[in-house]
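Source file: structure.txt. Holds: compact mmCIF, C-alpha atoms and all ligand atoms.
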```
# COMPACT_ATOMS: atom_id res chain seq x y z
CA MET A 1 54.94 93.33 78.11
CA ASP A 2 52.39 94.08 75.42
CA PHE A 3 53.06 92.98 71.89
CA THR A 4 52.99 95.68 69.24
CA PRO A 5 50.47 95.20 66.38
CA GLU A 6 53.41 94.37 64.07
CA ILE A 7 54.60 91.55 66.35
CA LYS A 8 51.05 90.23 66.72
CA ALA A 9 50.65 90.20 62.96
CA LYS A 10 53.92 88.31 62.60
CA LEU A 11 52.85 85.75 65.22
CA ASP A 12 49.60 85.27 63.32
CA GLN A 13 51.53 84.69 60.12
CA LEU A 14 53.83 82.22 61.86
CA GLN A 15 50.86 80.40 63.36
CA GLN A 16 49.33 80.07 59.89
CA LYS A 17 52.62 78.82 58.46
CA TYR A 18 53.05 76.09 61.06
CA THR A 19 49.38 75.09 61.11
CA ALA A 20 49.44 74.66 57.34
CA MET A 21 52.29 72.17 57.75
CA GLY A 22 50.66 70.42 60.73
CA GLN A 23 53.38 71.72 63.06
CA ASP A 24 53.20 73.09 66.59
CA MET A 25 54.35 76.71 66.67
CA ALA A 26 55.15 76.65 70.38
CA SER A 27 57.78 73.93 69.85
CA TYR A 28 59.49 76.03 67.21
CA LEU A 29 59.43 79.06 69.52
CA ASP A 30 61.19 76.87 72.10
CA GLY A 31 63.78 76.19 69.45
CA LEU A 32 64.31 79.91 68.96
CA LEU A 33 64.55 80.45 72.70
CA TYR A 34 67.32 77.91 73.20
CA ALA A 35 69.27 78.44 70.01
CA ASP A 36 72.65 80.21 70.14
CA PHE A 37 73.07 83.47 68.32
CA LEU A 38 74.76 82.93 64.97
CA THR A 39 78.38 84.01 64.62
CA TYR A 40 80.21 85.19 61.53
CA TRP A 41 82.70 82.31 61.70
CA ASP A 42 80.02 79.64 61.91
CA TYR A 43 77.87 81.22 59.24
CA ILE A 44 80.60 81.20 56.57
CA HIS A 45 82.33 78.07 57.88
CA LEU A 46 85.49 80.06 58.34
CA ASP A 47 87.46 77.44 60.25
CA THR A 48 86.73 74.85 57.57
CA LEU A 49 87.63 77.28 54.81
CA LEU A 50 90.93 78.18 56.42
CA SER A 51 91.79 74.54 57.00
CA LEU A 52 91.69 73.66 53.30
CA GLN A 53 95.25 74.68 52.42
CA ASN A 54 97.47 71.65 52.63
CA PRO A 55 100.81 72.13 50.90
CA LYS A 56 102.68 69.06 49.70
CA THR A 57 106.11 70.65 50.29
CA PRO A 58 107.71 72.99 52.86
CA PHE A 59 108.09 75.84 50.30
CA PRO A 60 106.07 78.81 51.69
CA ASP A 61 104.96 79.99 48.24
CA GLU A 62 103.08 76.77 47.59
CA GLU A 63 100.39 78.03 49.93
CA ILE A 64 99.90 81.10 47.71
CA PHE A 65 99.53 78.80 44.71
CA ILE A 66 96.91 76.69 46.46
CA MET A 67 94.93 79.64 47.81
CA TYR A 68 94.84 81.49 44.51
CA HIS A 69 93.51 78.39 42.77
CA GLN A 70 90.85 78.09 45.47
CA ILE A 71 89.91 81.76 45.10
CA THR A 72 89.58 81.24 41.35
CA GLU A 73 87.36 78.19 41.81
CA LEU A 74 85.08 80.19 44.13
CA TYR A 75 84.76 82.89 41.47
CA PHE A 76 84.01 80.18 38.91
CA LYS A 77 81.30 78.92 41.25
CA LEU A 78 79.85 82.43 41.45
CA ALA A 79 79.81 82.58 37.65
CA LEU A 80 78.09 79.19 37.39
CA HIS A 81 75.55 80.31 39.96
CA GLU A 82 74.56 83.11 37.58
CA CYS A 83 74.57 80.72 34.61
CA THR A 84 72.02 78.56 36.41
CA GLN A 85 69.86 81.54 37.34
CA ILE A 86 69.74 82.61 33.70
CA ALA A 87 69.08 79.15 32.27
CA GLU A 88 66.36 78.31 34.77
CA LYS A 89 64.58 81.66 34.91
CA GLU A 90 60.91 81.46 34.00
CA HIS A 91 59.90 84.16 31.52
CA LEU A 92 63.49 85.32 31.08
CA ASN A 93 63.79 88.86 29.77
CA ALA A 94 66.70 90.86 28.42
CA ASP A 95 67.05 93.05 31.55
CA PHE A 96 67.46 90.10 33.91
CA PHE A 97 69.81 88.33 31.50
CA THR A 98 71.95 91.46 31.04
CA ALA A 99 72.20 92.13 34.78
CA ARG A 100 73.36 88.55 35.42
CA VAL A 101 75.94 88.53 32.64
CA LYS A 102 77.23 91.82 34.07
CA ARG A 103 77.83 90.01 37.36
CA ILE A 104 79.79 87.26 35.61
CA ASN A 105 81.83 89.95 33.87
CA ALA A 106 82.61 91.52 37.24
CA TYR A 107 83.92 88.15 38.46
CA PHE A 108 86.12 87.67 35.42
CA ASN A 109 87.34 91.24 35.68
CA ALA A 110 88.43 90.49 39.26
CA LEU A 111 90.08 87.24 38.16
CA THR A 112 91.90 88.83 35.26
CA SER A 113 93.31 91.73 37.26
CA SER A 114 94.24 89.61 40.26
CA PHE A 115 96.22 87.10 38.20
CA GLU A 116 99.29 89.17 39.05
CA VAL A 117 99.18 87.24 42.34
CA MET A 118 100.41 84.31 40.28
CA VAL A 119 102.59 86.10 37.75
CA ASP A 120 104.59 88.16 40.24
CA GLY A 121 103.60 86.74 43.58
CA MET A 122 105.76 83.64 43.89
CA GLU A 123 109.48 82.95 43.73
CA LYS A 124 110.21 81.13 40.51
CA GLU A 125 112.80 78.92 42.21
CA GLN A 126 110.24 77.74 44.75
CA PHE A 127 107.55 77.27 42.11
CA LEU A 128 109.75 75.11 39.89
CA LYS A 129 110.44 72.86 42.84
CA PHE A 130 107.05 72.52 44.50
CA ARG A 131 105.23 71.97 41.20
CA MET A 132 107.08 68.68 40.82
CA SER A 133 105.25 67.42 43.91
CA LEU A 134 101.86 68.23 42.39
CA LEU A 135 102.20 66.35 39.12
CA PRO A 136 100.12 65.46 37.18
CA ALA A 137 97.52 67.78 38.80
CA SER A 138 96.97 71.00 36.84
CA GLY A 139 94.52 73.92 36.64
CA PHE A 140 93.81 72.39 33.24
CA GLN A 141 91.64 69.98 35.21
CA SER A 142 89.26 72.70 36.39
CA GLY A 143 85.82 71.26 35.62
CA GLN A 144 84.01 74.47 36.54
CA TYR A 145 85.93 76.43 33.89
CA ARG A 146 84.65 74.08 31.18
CA MET A 147 81.12 74.17 32.61
CA ILE A 148 81.03 77.96 32.32
CA GLU A 149 81.94 77.58 28.65
CA ILE A 150 79.19 75.00 28.10
CA CYS A 151 76.63 77.35 29.66
CA ALA A 152 77.88 80.33 27.68
CA THR A 153 77.62 79.10 24.13
CA ASP A 154 76.42 76.54 21.57
CA PHE A 155 78.43 73.38 22.06
CA ILE A 156 79.79 73.44 18.52
CA ARG A 157 81.68 76.65 19.40
CA LEU A 158 83.80 74.58 21.81
CA VAL A 159 84.85 72.12 19.15
CA ASP A 160 88.38 72.51 17.84
CA LYS A 161 88.39 75.13 15.11
CA SER A 162 89.57 72.66 12.45
CA LYS A 163 86.39 70.57 12.98
CA ARG A 164 83.72 73.20 13.64
CA LEU A 165 82.28 73.39 10.13
CA GLU A 166 82.38 69.66 9.50
CA LEU A 167 80.66 68.72 12.79
CA ALA A 168 78.09 71.52 12.91
CA ASN A 169 75.12 69.16 12.54
CA GLU A 170 76.51 66.22 14.48
CA THR A 171 75.35 65.01 17.89
CA ILE A 172 76.80 66.45 21.09
CA GLU A 173 78.58 63.11 21.67
CA THR A 174 80.37 63.33 18.32
CA GLN A 175 81.22 66.98 18.84
CA PHE A 176 82.57 66.15 22.30
CA LYS A 177 85.15 63.84 20.73
CA TYR A 178 86.75 66.93 19.23
CA ILE A 179 86.22 69.45 22.03
CA TYR A 180 89.09 71.93 21.89
CA TRP A 181 90.72 71.03 25.20
CA LYS A 182 91.36 67.44 24.09
CA PHE A 183 94.07 69.01 21.95
CA GLY A 184 95.74 70.58 25.00
CA ALA A 185 97.78 68.90 27.72
CA THR A 186 99.31 66.57 25.15
CA GLU A 187 102.92 65.45 25.14
CA LEU A 188 105.03 67.69 22.95
CA SER A 189 107.27 64.89 21.72
CA SER A 190 104.71 62.16 20.92
CA GLY A 191 101.40 64.06 20.63
CA LYS A 192 99.90 61.59 23.13
CA GLN A 193 97.39 62.55 25.82
CA THR A 194 99.02 63.27 29.17
CA LEU A 195 97.80 61.63 32.36
CA THR A 196 96.47 65.09 33.29
CA LEU A 197 94.12 64.97 30.29
CA LYS A 198 93.19 61.31 30.73
CA GLN A 199 92.25 61.82 34.39
CA PHE A 200 90.17 64.86 33.43
CA ILE A 201 88.24 63.04 30.69
CA LYS A 202 87.54 60.12 33.00
CA LYS A 203 86.24 62.26 35.83
CA TYR A 204 84.13 64.79 33.94
CA SER A 205 83.00 63.44 30.52
CA GLU A 206 79.59 62.28 31.67
CA GLN A 207 78.91 65.45 33.62
CA PHE A 208 79.95 67.68 30.70
CA LEU A 209 77.79 65.75 28.22
CA ALA A 210 74.77 65.91 30.52
CA LEU A 211 75.20 69.64 31.02
CA ALA A 212 75.71 70.26 27.30
CA LYS A 213 72.49 68.40 26.46
CA ASN A 214 70.68 70.29 29.16
CA ARG A 215 71.86 73.62 27.78
CA VAL A 216 71.08 73.07 24.10
CA ASP A 217 68.21 75.59 24.28
CA THR A 218 69.31 77.49 27.37
CA ASN A 219 72.95 78.36 26.73
CA PHE A 220 73.55 82.11 26.50
CA SER A 221 73.83 82.08 22.74
CA ALA A 222 70.53 80.23 22.24
CA LEU A 223 68.78 82.46 24.78
CA TYR A 224 70.11 85.62 23.16
CA HIS A 225 68.71 84.55 19.77
CA LYS A 226 65.40 83.63 21.34
CA LEU A 227 64.97 87.02 23.03
CA LYS A 228 66.03 88.81 19.88
CA ALA A 229 63.46 86.88 17.84
CA GLU A 230 60.81 87.89 20.37
CA GLY A 231 61.64 91.50 19.57
CA GLN A 232 63.20 92.30 22.96
CA HIS A 233 65.71 95.14 23.23
CA VAL A 234 68.94 93.12 23.19
CA LEU A 235 71.58 95.77 22.47
CA PRO A 236 72.79 96.14 26.09
CA LEU A 237 72.77 92.35 26.39
CA ALA A 238 74.87 92.05 23.22
CA GLU A 239 77.40 94.41 24.73
CA GLU A 240 77.70 92.40 27.95
CA LEU A 241 77.99 89.16 25.98
CA ARG A 242 80.80 90.65 23.90
CA LYS A 243 82.60 91.58 27.11
CA LEU A 244 82.05 88.09 28.50
CA ASP A 245 83.50 86.60 25.32
CA LEU A 246 86.57 88.80 25.64
CA TYR A 247 87.02 88.09 29.33
CA VAL A 248 86.70 84.32 29.08
CA ASN A 249 88.40 83.80 25.75
CA VAL A 250 91.03 86.55 25.59
CA GLU A 251 91.66 88.50 28.79
CA TRP A 252 91.75 85.71 31.37
CA PRO A 253 93.64 83.31 29.05
CA LEU A 254 96.20 86.04 28.38
CA SER A 255 96.75 86.77 32.09
CA HIS A 256 97.06 83.06 32.67
CA TYR A 257 99.40 82.61 29.71
CA LYS A 258 101.66 85.30 31.19
CA SER A 259 102.13 83.14 34.28
CA ALA A 260 102.97 80.09 32.19
CA VAL A 261 105.56 82.12 30.30
CA ARG A 262 107.01 83.60 33.47
CA TYR A 263 107.52 80.26 35.19
CA LEU A 264 107.92 77.74 32.41
CA GLU A 265 109.21 79.24 29.18
CA LYS A 266 112.75 80.16 30.12
CA ASP A 267 113.42 76.78 31.61
CA PRO A 268 113.46 74.19 28.83
CA VAL A 269 115.24 71.68 31.04
CA ASP A 270 112.50 71.77 33.66
CA VAL A 271 109.75 71.74 31.06
CA ALA A 272 111.27 68.64 29.52
CA ALA A 273 111.53 67.06 32.95
CA THR A 274 107.75 67.11 33.37
CA GLY A 275 107.12 65.40 30.07
CA GLY A 276 106.82 68.77 28.31
CA THR A 277 103.35 69.62 27.03
CA ASN A 278 102.29 71.63 24.00
CA TRP A 279 101.21 74.61 26.14
CA GLN A 280 103.08 77.19 24.05
CA LYS A 281 101.05 76.30 20.97
CA TYR A 282 97.87 75.52 22.89
CA LEU A 283 97.33 78.35 25.39
CA PRO A 284 97.48 81.60 23.35
CA PRO A 285 93.91 82.67 22.41
CA ARG A 286 94.94 83.70 18.90
CA PHE A 287 95.77 80.09 17.96
CA GLN A 288 92.54 78.56 19.23
CA LYS A 289 90.06 81.23 18.25
CA ARG A 290 87.59 80.22 20.88
CA ILE A 291 84.74 82.68 20.33
CA PHE A 292 81.35 82.26 21.97
CA TYR A 293 79.43 84.84 19.91
CA PRO A 294 81.09 85.38 16.52
CA PHE A 295 77.83 86.95 15.30
CA LEU A 296 78.42 89.87 17.72
CA PHE A 297 81.83 90.73 16.24
CA THR A 298 82.96 92.09 12.89
CA GLU A 299 84.92 89.88 10.51
CA GLN A 300 88.04 91.88 11.30
CA GLU A 301 87.55 91.46 15.03
CA VAL A 302 87.20 87.72 14.56
CA GLU A 303 90.24 87.69 12.30
CA GLU A 304 92.30 89.55 14.92
CA TRP A 305 90.96 87.60 17.90
CA GLY A 306 93.43 87.69 20.77
CA LYS A 307 95.81 90.06 19.03
CA SER A 308 95.97 93.72 19.90
CA TRP A 309 92.42 94.83 20.63
CA VAL A 310 90.84 94.07 23.97
CA LEU A 311 88.42 95.63 26.42
CA SER A 312 89.74 99.14 25.87
CA VAL A 313 88.55 98.87 22.27
CA LEU A 314 85.08 98.00 23.46
CA LYS A 315 85.07 101.01 25.76
CA THR A 316 85.98 103.30 22.86
CA LEU A 317 83.20 101.81 20.76
CA LYS A 318 80.75 102.39 23.57
CA ASN A 319 81.76 106.02 23.97
CA ASP A 320 81.42 106.58 20.22
CA LYS A 321 77.78 105.46 20.15
C1 LIG A 401 102.01 79.82 38.11
C2 LIG A 401 100.77 79.66 37.75
C3 LIG A 401 100.31 78.79 36.62
C4 LIG A 401 101.02 78.15 35.64
C5 LIG A 401 102.52 78.17 35.41
C6 LIG A 401 100.06 77.44 34.81
C7 LIG A 401 100.38 76.66 33.73
C8 LIG A 401 99.47 76.04 32.89
C9 LIG A 401 99.80 75.29 31.72
C10 LIG A 401 101.19 75.02 31.21
C11 LIG A 401 98.62 74.88 31.16
C12 LIG A 401 98.43 74.04 29.89
C13 LIG A 401 98.13 72.63 30.21
C14 LIG A 401 99.38 71.81 30.19
O1 LIG A 401 100.10 71.91 29.20
O2 LIG A 401 99.59 71.08 31.16
C15 LIG A 401 97.55 75.38 31.98
C16 LIG A 401 96.22 75.20 31.71
C17 LIG A 401 95.21 75.70 32.49
N1 LIG A 401 95.35 76.30 33.73
FE1 LIG A 401 97.05 76.98 34.52
N2 LIG A 401 98.80 77.67 35.31
C18 LIG A 401 98.90 78.49 36.41
C19 LIG A 401 97.88 78.93 37.22
C20 LIG A 401 96.56 78.63 37.04
C21 LIG A 401 95.50 79.06 37.91
C22 LIG A 401 95.64 79.92 39.17
C23 LIG A 401 94.35 78.55 37.41
C24 LIG A 401 93.01 78.71 38.04
C25 LIG A 401 92.14 77.72 38.17
C26 LIG A 401 94.68 77.81 36.20
C27 LIG A 401 93.78 77.18 35.38
C28 LIG A 401 94.10 76.62 34.18
C29 LIG A 401 93.10 76.22 33.20
C30 LIG A 401 91.59 76.38 33.31
C31 LIG A 401 93.80 75.66 32.13
C32 LIG A 401 93.23 75.16 30.84
C33 LIG A 401 93.28 76.30 29.82
C34 LIG A 401 92.75 75.92 28.45
O3 LIG A 401 92.35 74.79 28.25
O4 LIG A 401 92.76 76.79 27.57
N3 LIG A 401 96.03 77.87 36.02
N4 LIG A 401 98.11 76.07 33.04
```
Go ahead and render the structure in this file as structure tokens.
Amino acid sequence: MDFTPEIKAKLDQLQQKYTAMGQDMASYLDGLLYADFLTYWDYIHLDTLLSLQNPKTPFPDEEIFIMYHQITELYFKLALHECTQIAEKEHLNADFFTARVKRINAYFNALTSSFEVMVDGMEKEQFLKFRMSLLPASGFQSGQYRMIEICATDFIRLVDKSKRLELANETIETQFKYIYWKFGATELSSGKQTLTLKQFIKKYSEQFLALAKNRVDTNFSALYHKLKAEGQHVLPLAEELRKLDLYVNVEWPLSHYKSAVRYLEKDPVDVAATGGTNWQKYLPPRFQKRIFYPFLFTEQEVEEWGKSWVLSVLKTLKNDK
């Protein structure tokens, strides 16, 4: 059989590639000859993936709870993947940045709308029982969620709102002492840190500090200001960043809060039985006012953060332009 000119050209290219590395092309062709064809299940490690659900109790709905957390963590990983691409891009421009933030927004849109799987997708009676076997583990301990925040904004924006002004010029280490989430997962009665929070601090502090230092000049806020100062056209980017801010700091937290209310609020006895945290005061976005890009919102929007206006408002604004 004669080789076509295209195949010959490819063989030449391969030969050059292997010669450059001091390798023998014929041996690699042997490898190709004997290798199995790839299957879908091997490629995506399907058997491993489907073996990662290990409920602690016999309640069937616990498996839903586990899988939805895993799905969420995969979406968080997708978001972080884009964060890294943006931060590490050489000669970053507004188009690339905007396209990547759009992807992250698509992930958070999916997460926000699918949260119904939690809110309406489990029997409350089962949930209230199986959750006792998971203590003190909590989604609060999601490290990836906090890493997305660190990549998205200046670190000072993640400091508790009562300390933001005072600590604006302090080191990352000092600011980290007052990061907003250290005021969550605390015992309602004593104000003490729960084991959930202590475990989380122990496992992730070093990693969070390293990432925060690494992102001082390459978090989304810093990069936006840099591109703007260079005179790049940043309006579409500003719009995507506003959406991101609303997804991460209003929409997703609200969907999540709904699930906490659905399963925990009407059951003071059970809440007390777990040590009872301050989640009712801590979770609603309007109390925390976590805002990545306050400079992209009006004073009134900042004032009403987490209240009535959400993505639909943004859409109206866009159509009005
Ligand atoms: C029935 C479903 C859920 C309930 C009842 C629930 C409940 C809670 C509560 C009460 C807190 C506050 C921390 C505390 O006081 O212990 C919390 C925090 C948190 N949960 Fe969930 N959760 C649910 C599902 C999820 C899922 C699926 C995820 C996905 C990873 C998640 C991620 C988080 C995160 C990231 C926080 C921290 C939020 C913040 O610091 O503002 N939760 N959750």
For A:Leu158, find every residue with an atom within 9 Å (counting only C-alpha atoms), except residues of its own chain fewer than 5 positions away, and show them as JSON, numbers by chain.
{"A": [149, 150, 153, 164, 175, 176, 178, 179, 180, 181, 290, 291, 292]}
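Residues in contact with ligand LIG 401 (chain A) (atom pairs separated by at most 6 Å; only C-alpha atoms and all ligand atoms) are Tyr68, His69, Thr72, Met118, Gly139, Phe140, Ser142, Tyr145, Trp181, Ala185, Ser259, Ala260, Tyr263, Thr277, Asn278, Trp279 and Leu283 of chain A.
With distances restricted to all atoms listed in the file, A:Leu92 is the closest residue to A:Glu230 from A:Ile148, A:Leu92, A:Val101, A:Leu209.
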Counting all atoms listed in the file, the option among A:Val261, A:Ala152, A:Ala210, A:Ala94 closest to A:Leu235:
A:Ala94
When you draw a straight line from atom CA of A:Glu62 to atom CA of A:Phe130, how long is it in Å?
6.6 Å
What box, with edges along x, y and z, holds each listed atom of stretch 107-119 of chain A when 3 Å is added on every side, and can you state its centre and edge lengths in Å to one decimal, as AutoDock Vina command-line options?
```
--center_x 93.3 --center_y 88.0 --center_z 38.8 --size_x 24.7 --size_y 13.4 --size_z 13.1
```
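In this structure, atom CA of A:Ala87 sits 19.1 Å away from atom CA of A:Lys243.
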What are the nearest atom pairs, with distances in Å to one decimal, for all residues of stretch 32-92 of chain A that come at most 12 Å from stretch 15-28 of chain A, using all atoms listed in the file, set out by chain and rising residue number as a Markdown table?
```
| residue | atom | partner | partner_atom | distance |
| --- | --- | --- | --- | --- |
| A:Leu32 | CA | A:Tyr28 | CA | 6.4 |
| A:Leu33 | CA | A:Tyr28 | CA | 8.7 |
| A:Tyr34 | CA | A:Tyr28 | CA | 10.0 |
| A:Ala35 | CA | A:Tyr28 | CA | 10.5 |
```
Next, write the just-selected residues to a file, as a PDB file, in the coordinates of the input, keeping C-alpha atoms as the atom set.
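out-v9.pdb written:
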```
ATOM      1  CA  LEU A  32      64.310  79.910  68.960  1.00  0.00           C
ATOM      2  CA  LEU A  33      64.550  80.450  72.700  1.00  0.00           C
ATOM      3  CA  TYR A  34      67.320  77.910  73.200  1.00  0.00           C
ATOM      4  CA  ALA A  35      69.270  78.440  70.010  1.00  0.00           C
TER       5      ALA A  35
END
```
Between atom CA of A:Gln280 and atom CA of A:Asp160, what is the spacing in Å?
16.6 Å
Give me, as a list of chain:residue names, all polymer residues having an atom no more than 10 Å from A:Met147, counting all atoms listed in the file and skipping those fewer than 3 positions away in the same chain.
A:Phe76, A:Lys77, A:Ala79, A:Leu80, A:Cys83, A:Ser142, A:Gly143, A:Gln144, A:Ile150, A:Cys151, A:Ala152, A:Tyr204, A:Gln207, A:Phe208, A:Leu211, A:Ala212
Would you kindly identify which residues have an atom no farther than 10 Å from (100.7, 64.6, 28.4), using only C-alpha atoms and the file's own coordinates, and write them out as a count of residues only?
21
Quick one: stretch 159-168 of chain A with all heavy atoms, as a CSV table (one decimal), keeping the file's coordinate frame?
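Saved the output as result14.csv:
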```
chain,number,residue,atom,x,y,z
A,159,VAL,N,84.1,73.1,19.9
A,159,VAL,CA,84.8,72.1,19.2
A,159,VAL,C,86.1,72.8,18.5
A,159,VAL,O,86.1,74.0,18.2
A,159,VAL,CB,83.9,71.6,18.0
A,159,VAL,CG1,84.6,70.8,17.0
A,159,VAL,CG2,82.8,70.7,18.7
A,160,ASP,N,87.1,72.0,18.4
A,160,ASP,CA,88.4,72.5,17.8
A,160,ASP,C,88.1,73.2,16.5
A,160,ASP,O,87.3,72.7,15.7
A,160,ASP,CB,89.4,71.4,17.6
A,160,ASP,CG,90.7,71.9,17.2
A,160,ASP,OD1,91.4,72.5,18.0
A,160,ASP,OD2,91.0,71.7,16.0
A,161,LYS,N,88.8,74.3,16.3
A,161,LYS,CA,88.4,75.1,15.1
A,161,LYS,C,88.5,74.4,13.8
A,161,LYS,O,87.8,74.7,12.8
A,161,LYS,CB,89.1,76.5,15.1
A,161,LYS,CG,90.6,76.5,14.7
A,161,LYS,CD,91.0,77.9,14.6
A,161,LYS,CE,92.4,78.1,14.0
A,161,LYS,NZ,93.5,77.6,14.8
A,162,SER,N,89.4,73.4,13.7
A,162,SER,CA,89.6,72.7,12.4
A,162,SER,C,88.4,71.8,12.1
A,162,SER,O,88.2,71.2,11.0
A,162,SER,CB,90.8,71.8,12.5
A,162,SER,OG,90.6,70.8,13.5
A,163,LYS,N,87.5,71.5,13.1
A,163,LYS,CA,86.4,70.6,13.0
A,163,LYS,C,85.0,71.2,13.1
A,163,LYS,O,84.0,70.6,12.9
A,163,LYS,CB,86.5,69.5,14.1
A,163,LYS,CG,87.6,68.5,13.9
A,163,LYS,CD,87.2,67.4,12.9
A,163,LYS,CE,88.3,66.4,12.8
A,163,LYS,NZ,88.0,65.4,11.7
A,164,ARG,N,85.0,72.5,13.4
A,164,ARG,CA,83.7,73.2,13.6
A,164,ARG,C,82.7,73.1,12.5
A,164,ARG,O,81.6,72.8,12.7
A,164,ARG,CB,84.0,74.7,14.0
A,164,ARG,CG,84.0,74.9,15.5
A,164,ARG,CD,84.4,76.3,15.8
A,164,ARG,NE,85.4,76.3,16.9
A,164,ARG,CZ,86.3,77.3,17.1
A,164,ARG,NH1,86.2,78.4,16.3
A,164,ARG,NH2,87.1,77.2,18.1
A,165,LEU,N,83.2,73.4,11.3
A,165,LEU,CA,82.3,73.4,10.1
A,165,LEU,C,81.8,72.0,9.9
A,165,LEU,O,80.6,71.7,9.7
A,165,LEU,CB,83.1,73.9,8.9
A,165,LEU,CG,82.8,75.3,8.4
A,165,LEU,CD1,83.5,75.6,7.2
A,165,LEU,CD2,81.3,75.5,8.2
A,166,GLU,N,82.7,71.0,9.8
A,166,GLU,CA,82.4,69.7,9.5
A,166,GLU,C,81.4,69.0,10.5
A,166,GLU,O,80.5,68.3,10.1
A,166,GLU,CB,83.7,68.9,9.5
A,166,GLU,CG,83.7,67.5,9.1
A,166,GLU,CD,85.0,66.8,9.4
A,166,GLU,OE1,86.1,67.5,9.3
A,166,GLU,OE2,85.0,65.6,9.7
A,167,LEU,N,81.5,69.4,11.8
A,167,LEU,CA,80.7,68.7,12.8
A,167,LEU,C,79.4,69.5,13.2
A,167,LEU,O,78.7,69.1,14.2
A,167,LEU,CB,81.5,68.4,14.0
A,167,LEU,CG,82.7,67.5,13.8
A,167,LEU,CD1,83.4,67.2,15.1
A,167,LEU,CD2,82.3,66.2,13.2
A,168,ALA,N,79.2,70.6,12.5
A,168,ALA,CA,78.1,71.5,12.9
A,168,ALA,C,76.8,70.8,13.2
A,168,ALA,O,76.0,71.2,14.1
A,168,ALA,CB,77.9,72.6,11.9
```
